[in-house]
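To keep things clear, I will list the structure first and then write my remarks on it.
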Amino acid sequence: MKRKLTFLLALAMLAALVLSGCGGKSVFGVSSNEDNTISISAENAGKGNAGVGYLVVGENETILVEAAFEKNGKVSLRLFAGVLGAEDFPDTPTLETAVSGEDTLELELEPGEYTVSVVVEKTVTGTAVLRTQGPEP
């Protein structure tokens with residue numbers, strides 16, 4: 001009986017570790033690409049993970065956000081007009097929004113350079129891309 005109880009206890013502890021994600025790989029990355037896009041990649045990224053990217057918005061362009069996150073994954077996006085580290089960098093974002101699931105968002109902003117802060121709000125796995133697009137002909 002004692003051996004069976006020990007086995008069940010060990011099995012319960014193992015199940016708890018698996019469910020809590022202990023030992024699971026957690027990766028979060030935000031990169032600015034040469035083609036004026038921002039790529040977000042996440043695998044089991046937990047709340048509070050953050051990264052920064054940069055976009056240049058031209059005249060009559062919008063920013064398109066295309067997400068492919070699993071389940072209830074959610075990230076917040078805060079866009080600041082200007083380049084991080086500049087003397088006149090603003091304290092408050094120009095635009096703030098959130099993206100989850102397989103959202104596609106279109107954001108309209110004035111032309112210029114933007115710093116995009118990305119913060120995980122709910123554990124997220126998947127990818128997202130931010131890119132500029134001109135008006136349709």
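Just remember, in the structure tokens the first chain shown is A, the second B, etc., residues are 1-based per chain, and ligands are 1-based in the order shown.
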
* Excluding same-chain residues fewer than 5 positions from region 92-95 of chain A, what lies within 9 Å of it counting only C-alpha atoms, as a list in words? ->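 My reading of the contact set: Leu77, Arg78, Leu79, Phe80, Ala81, Leu107 and Leu109 of chain A.
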
What would the file look like if the residues just selected were written as a short mmCIF file (atom, residue, chain, number, x, y, z; two decimals), in the first residue's frame with all heavy atoms?
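As a result, result-v6.cif now contains:
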```cif
data_model
loop_
_atom_site.label_atom_id
_atom_site.label_comp_id
_atom_site.auth_asym_id
_atom_site.auth_seq_id
_atom_site.Cartn_x
_atom_site.Cartn_y
_atom_site.Cartn_z
N LEU A 77 0.91 46.26 -28.07
CA LEU A 77 1.79 47.04 -28.93
C LEU A 77 1.66 48.50 -28.54
O LEU A 77 0.55 49.03 -28.46
CB LEU A 77 1.39 46.88 -30.40
CG LEU A 77 1.32 45.46 -30.96
CD1 LEU A 77 0.76 45.49 -32.37
CD2 LEU A 77 2.68 44.80 -30.94
N ARG A 78 2.78 49.13 -28.27
CA ARG A 78 2.79 50.57 -27.98
C ARG A 78 3.70 51.23 -28.99
O ARG A 78 4.89 50.91 -29.05
CB ARG A 78 3.27 50.82 -26.55
CG ARG A 78 2.32 50.27 -25.50
CD ARG A 78 2.85 50.49 -24.08
NE ARG A 78 1.96 49.90 -23.10
CZ ARG A 78 2.06 48.65 -22.65
NH1 ARG A 78 3.02 47.87 -23.08
NH2 ARG A 78 1.20 48.18 -21.76
N LEU A 79 3.16 52.13 -29.79
CA LEU A 79 3.92 52.80 -30.84
C LEU A 79 4.25 54.22 -30.41
O LEU A 79 3.36 54.99 -30.04
CB LEU A 79 3.14 52.80 -32.15
CG LEU A 79 3.03 51.45 -32.85
CD1 LEU A 79 1.91 50.61 -32.26
CD2 LEU A 79 2.79 51.63 -34.33
N PHE A 80 5.54 54.53 -30.44
CA PHE A 80 6.03 55.85 -30.05
C PHE A 80 6.61 56.54 -31.29
O PHE A 80 7.41 55.94 -32.01
CB PHE A 80 7.13 55.73 -29.00
CG PHE A 80 6.69 55.11 -27.70
CD1 PHE A 80 6.64 53.74 -27.55
CD2 PHE A 80 6.32 55.92 -26.63
CE1 PHE A 80 6.24 53.17 -26.35
CE2 PHE A 80 5.92 55.36 -25.43
CZ PHE A 80 5.88 53.97 -25.28
N ALA A 81 6.24 57.79 -31.52
CA ALA A 81 6.79 58.54 -32.64
C ALA A 81 8.23 58.93 -32.30
O ALA A 81 8.47 59.68 -31.38
CB ALA A 81 5.95 59.79 -32.91
N LEU A 107 -3.41 49.91 -38.73
CA LEU A 107 -3.22 51.07 -37.88
C LEU A 107 -2.81 52.26 -38.74
O LEU A 107 -1.90 52.16 -39.55
CB LEU A 107 -2.13 50.80 -36.84
CG LEU A 107 -2.26 49.50 -36.05
CD1 LEU A 107 -1.04 49.29 -35.15
CD2 LEU A 107 -3.53 49.50 -35.21
N LEU A 109 -1.25 55.99 -38.92
CA LEU A 109 -0.38 56.91 -38.19
C LEU A 109 0.17 57.96 -39.14
O LEU A 109 0.21 57.74 -40.36
CB LEU A 109 0.79 56.14 -37.55
CG LEU A 109 0.44 55.16 -36.44
CD1 LEU A 109 1.61 54.25 -36.15
CD2 LEU A 109 0.05 55.90 -35.18
#
```

* **Every residue of region 13-85 of chain A that DSSP places in alpha helix (DSSP H), as a PyMOL selection string** => chain A and resi 13-20

Only N, CA and C atoms, please: the residues just picked out, written as a tab-separated table (two decimals), in the first residue's frame.
```tsv
chain	number	residue	atom	x	y	z
A	13	MET	N	3.00	14.57	-8.86
A	13	MET	CA	4.01	15.63	-8.93
A	13	MET	C	4.49	15.83	-10.36
A	14	LEU	N	4.69	14.72	-11.08
A	14	LEU	CA	5.12	14.80	-12.48
A	14	LEU	C	4.05	15.51	-13.32
A	15	ALA	N	2.80	15.16	-13.10
A	15	ALA	CA	1.70	15.80	-13.83
A	15	ALA	C	1.64	17.30	-13.54
A	16	ALA	N	1.85	17.67	-12.28
A	16	ALA	CA	1.83	19.09	-11.91
A	16	ALA	C	2.96	19.85	-12.60
A	17	LEU	N	4.14	19.23	-12.70
A	17	LEU	CA	5.26	19.88	-13.39
A	17	LEU	C	4.97	20.08	-14.87
A	18	VAL	N	4.40	19.08	-15.50
A	18	VAL	CA	4.06	19.18	-16.92
A	18	VAL	C	3.03	20.26	-17.15
A	19	LEU	N	1.99	20.29	-16.33
A	19	LEU	CA	0.92	21.27	-16.48
A	19	LEU	C	1.40	22.69	-16.22
A	20	SER	N	2.33	22.85	-15.31
A	20	SER	CA	2.82	24.19	-14.99
A	20	SER	C	3.85	24.68	-15.99
```

* Asked: Contacts of region 43-56 of chain A at 10 Å or less, counting only C-alpha atoms, minus same-chain residues fewer than 5 places along, as a ChimeraX atom specification?
  -> /A:21,24-33,35-38,61,63,69-70,73-84,111-127,130-132

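Using only C-alpha atoms, the shortest contact distance between Glu108 (chain A) and any of A:Val57, A:Ile40, A:Ala67, A:Ala128 is found at A:Val57.
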
* Please identify which residues in chain A DSSP calls strand (DSSP E or B) from the backbone, and express them as an MDAnalysis selection string. => chainID A and resid 27:32 37:45 50:57 62:69 74:81 95:100 104:108 112:122 124:133

For the residues in that selection, give me C-alpha atoms as a PDB file, in the first residue's frame.
```pdb
ATOM      1  CA  VAL A  27      11.455  31.995 -26.170  1.00  0.00           C
ATOM      2  CA  PHE A  28      10.406  35.510 -27.148  1.00  0.00           C
ATOM      3  CA  GLY A  29      11.950  37.567 -29.912  1.00  0.00           C
ATOM      4  CA  VAL A  30      11.223  40.867 -31.635  1.00  0.00           C
ATOM      5  CA  SER A  31      13.357  41.863 -34.610  1.00  0.00           C
ATOM      6  CA  SER A  32      13.475  44.760 -37.047  1.00  0.00           C
ATOM      7  CA  THR A  37       9.019  44.940 -41.111  1.00  0.00           C
ATOM      8  CA  ILE A  38       8.973  43.794 -37.501  1.00  0.00           C
ATOM      9  CA  SER A  39       8.865  40.076 -36.735  1.00  0.00           C
ATOM     10  CA  ILE A  40       7.592  38.704 -33.418  1.00  0.00           C
ATOM     11  CA  SER A  41       8.239  35.070 -32.544  1.00  0.00           C
ATOM     12  CA  ALA A  42       7.184  33.356 -29.347  1.00  0.00           C
ATOM     13  CA  GLU A  43       7.242  29.899 -27.878  1.00  0.00           C
ATOM     14  CA  ASN A  44       5.662  29.655 -24.450  1.00  0.00           C
ATOM     15  CA  ALA A  45       6.614  33.279 -23.750  1.00  0.00           C
ATOM     16  CA  ALA A  50       9.199  42.372 -23.972  1.00  0.00           C
ATOM     17  CA  GLY A  51      11.008  43.546 -27.080  1.00  0.00           C
ATOM     18  CA  VAL A  52      11.376  46.579 -29.301  1.00  0.00           C
ATOM     19  CA  GLY A  53      11.253  47.112 -33.067  1.00  0.00           C
ATOM     20  CA  TYR A  54      11.374  50.053 -35.478  1.00  0.00           C
ATOM     21  CA  LEU A  55       9.227  50.998 -38.491  1.00  0.00           C
ATOM     22  CA  VAL A  56       9.277  53.908 -40.927  1.00  0.00           C
ATOM     23  CA  VAL A  57       5.817  54.976 -42.105  1.00  0.00           C
ATOM     24  CA  THR A  62      -0.674  52.271 -42.908  1.00  0.00           C
ATOM     25  CA  ILE A  63       0.766  49.638 -40.577  1.00  0.00           C
ATOM     26  CA  LEU A  64      -0.630  46.155 -40.991  1.00  0.00           C
ATOM     27  CA  VAL A  65      -0.329  43.733 -38.060  1.00  0.00           C
ATOM     28  CA  GLU A  66      -0.781  40.056 -38.963  1.00  0.00           C
ATOM     29  CA  ALA A  67      -0.783  37.690 -35.983  1.00  0.00           C
ATOM     30  CA  ALA A  68      -0.809  33.902 -35.813  1.00  0.00           C
ATOM     31  CA  PHE A  69      -0.839  33.195 -32.073  1.00  0.00           C
ATOM     32  CA  LYS A  74      -1.921  38.132 -26.371  1.00  0.00           C
ATOM     33  CA  VAL A  75       0.642  40.901 -26.776  1.00  0.00           C
ATOM     34  CA  SER A  76       0.297  44.647 -26.386  1.00  0.00           C
ATOM     35  CA  LEU A  77       1.794  47.037 -28.929  1.00  0.00           C
ATOM     36  CA  ARG A  78       2.786  50.566 -27.975  1.00  0.00           C
ATOM     37  CA  LEU A  79       3.923  52.800 -30.839  1.00  0.00           C
ATOM     38  CA  PHE A  80       6.029  55.853 -30.055  1.00  0.00           C
ATOM     39  CA  ALA A  81       6.792  58.543 -32.641  1.00  0.00           C
ATOM     40  CA  LEU A  95      -0.950  54.584 -30.263  1.00  0.00           C
ATOM     41  CA  GLU A  96      -1.566  51.596 -27.994  1.00  0.00           C
ATOM     42  CA  THR A  97      -3.372  48.385 -28.924  1.00  0.00           C
ATOM     43  CA  ALA A  98      -3.337  44.633 -28.309  1.00  0.00           C
ATOM     44  CA  VAL A  99      -3.229  41.684 -30.676  1.00  0.00           C
ATOM     45  CA  SER A 100      -4.236  38.093 -29.964  1.00  0.00           C
ATOM     46  CA  THR A 104      -5.198  41.312 -38.456  1.00  0.00           C
ATOM     47  CA  LEU A 105      -5.119  44.988 -37.525  1.00  0.00           C
ATOM     48  CA  GLU A 106      -4.634  48.046 -39.691  1.00  0.00           C
ATOM     49  CA  LEU A 107      -3.221  51.075 -37.883  1.00  0.00           C
ATOM     50  CA  GLU A 108      -3.181  54.598 -39.293  1.00  0.00           C
ATOM     51  CA  GLY A 112       7.604  59.196 -39.655  1.00  0.00           C
ATOM     52  CA  GLU A 113       9.797  56.847 -37.640  1.00  0.00           C
ATOM     53  CA  TYR A 114       8.208  54.721 -34.927  1.00  0.00           C
ATOM     54  CA  THR A 115       9.510  52.659 -32.046  1.00  0.00           C
ATOM     55  CA  VAL A 116       7.227  49.695 -31.369  1.00  0.00           C
ATOM     56  CA  SER A 117       7.253  48.236 -27.868  1.00  0.00           C
ATOM     57  CA  VAL A 118       5.903  44.675 -27.678  1.00  0.00           C
ATOM     58  CA  VAL A 119       4.911  43.203 -24.289  1.00  0.00           C
ATOM     59  CA  VAL A 120       3.413  39.768 -23.605  1.00  0.00           C
ATOM     60  CA  GLU A 121       0.091  40.094 -21.776  1.00  0.00           C
ATOM     61  CA  LYS A 122      -0.884  36.395 -21.793  1.00  0.00           C
ATOM     62  CA  VAL A 124       1.958  33.341 -26.174  1.00  0.00           C
ATOM     63  CA  THR A 125       3.147  30.894 -28.821  1.00  0.00           C
ATOM     64  CA  GLY A 126       3.241  31.813 -32.488  1.00  0.00           C
ATOM     65  CA  THR A 127       4.305  34.660 -34.748  1.00  0.00           C
ATOM     66  CA  ALA A 128       3.262  38.115 -35.864  1.00  0.00           C
ATOM     67  CA  VAL A 129       4.488  40.541 -38.502  1.00  0.00           C
ATOM     68  CA  LEU A 130       4.115  44.320 -38.610  1.00  0.00           C
ATOM     69  CA  ARG A 131       4.620  45.922 -42.020  1.00  0.00           C
ATOM     70  CA  THR A 132       3.729  49.082 -43.857  1.00  0.00           C
ATOM     71  CA  GLN A 133       1.484  49.126 -46.877  1.00  0.00           C
TER      72      GLN A 133
END
```

* Would you please work out which residue, of A:Glu59, A:Asn72, A:Glu34, A:Gly134, is nearest to Gly101 (chain A) when using only C-alpha atoms? => A:Asn72
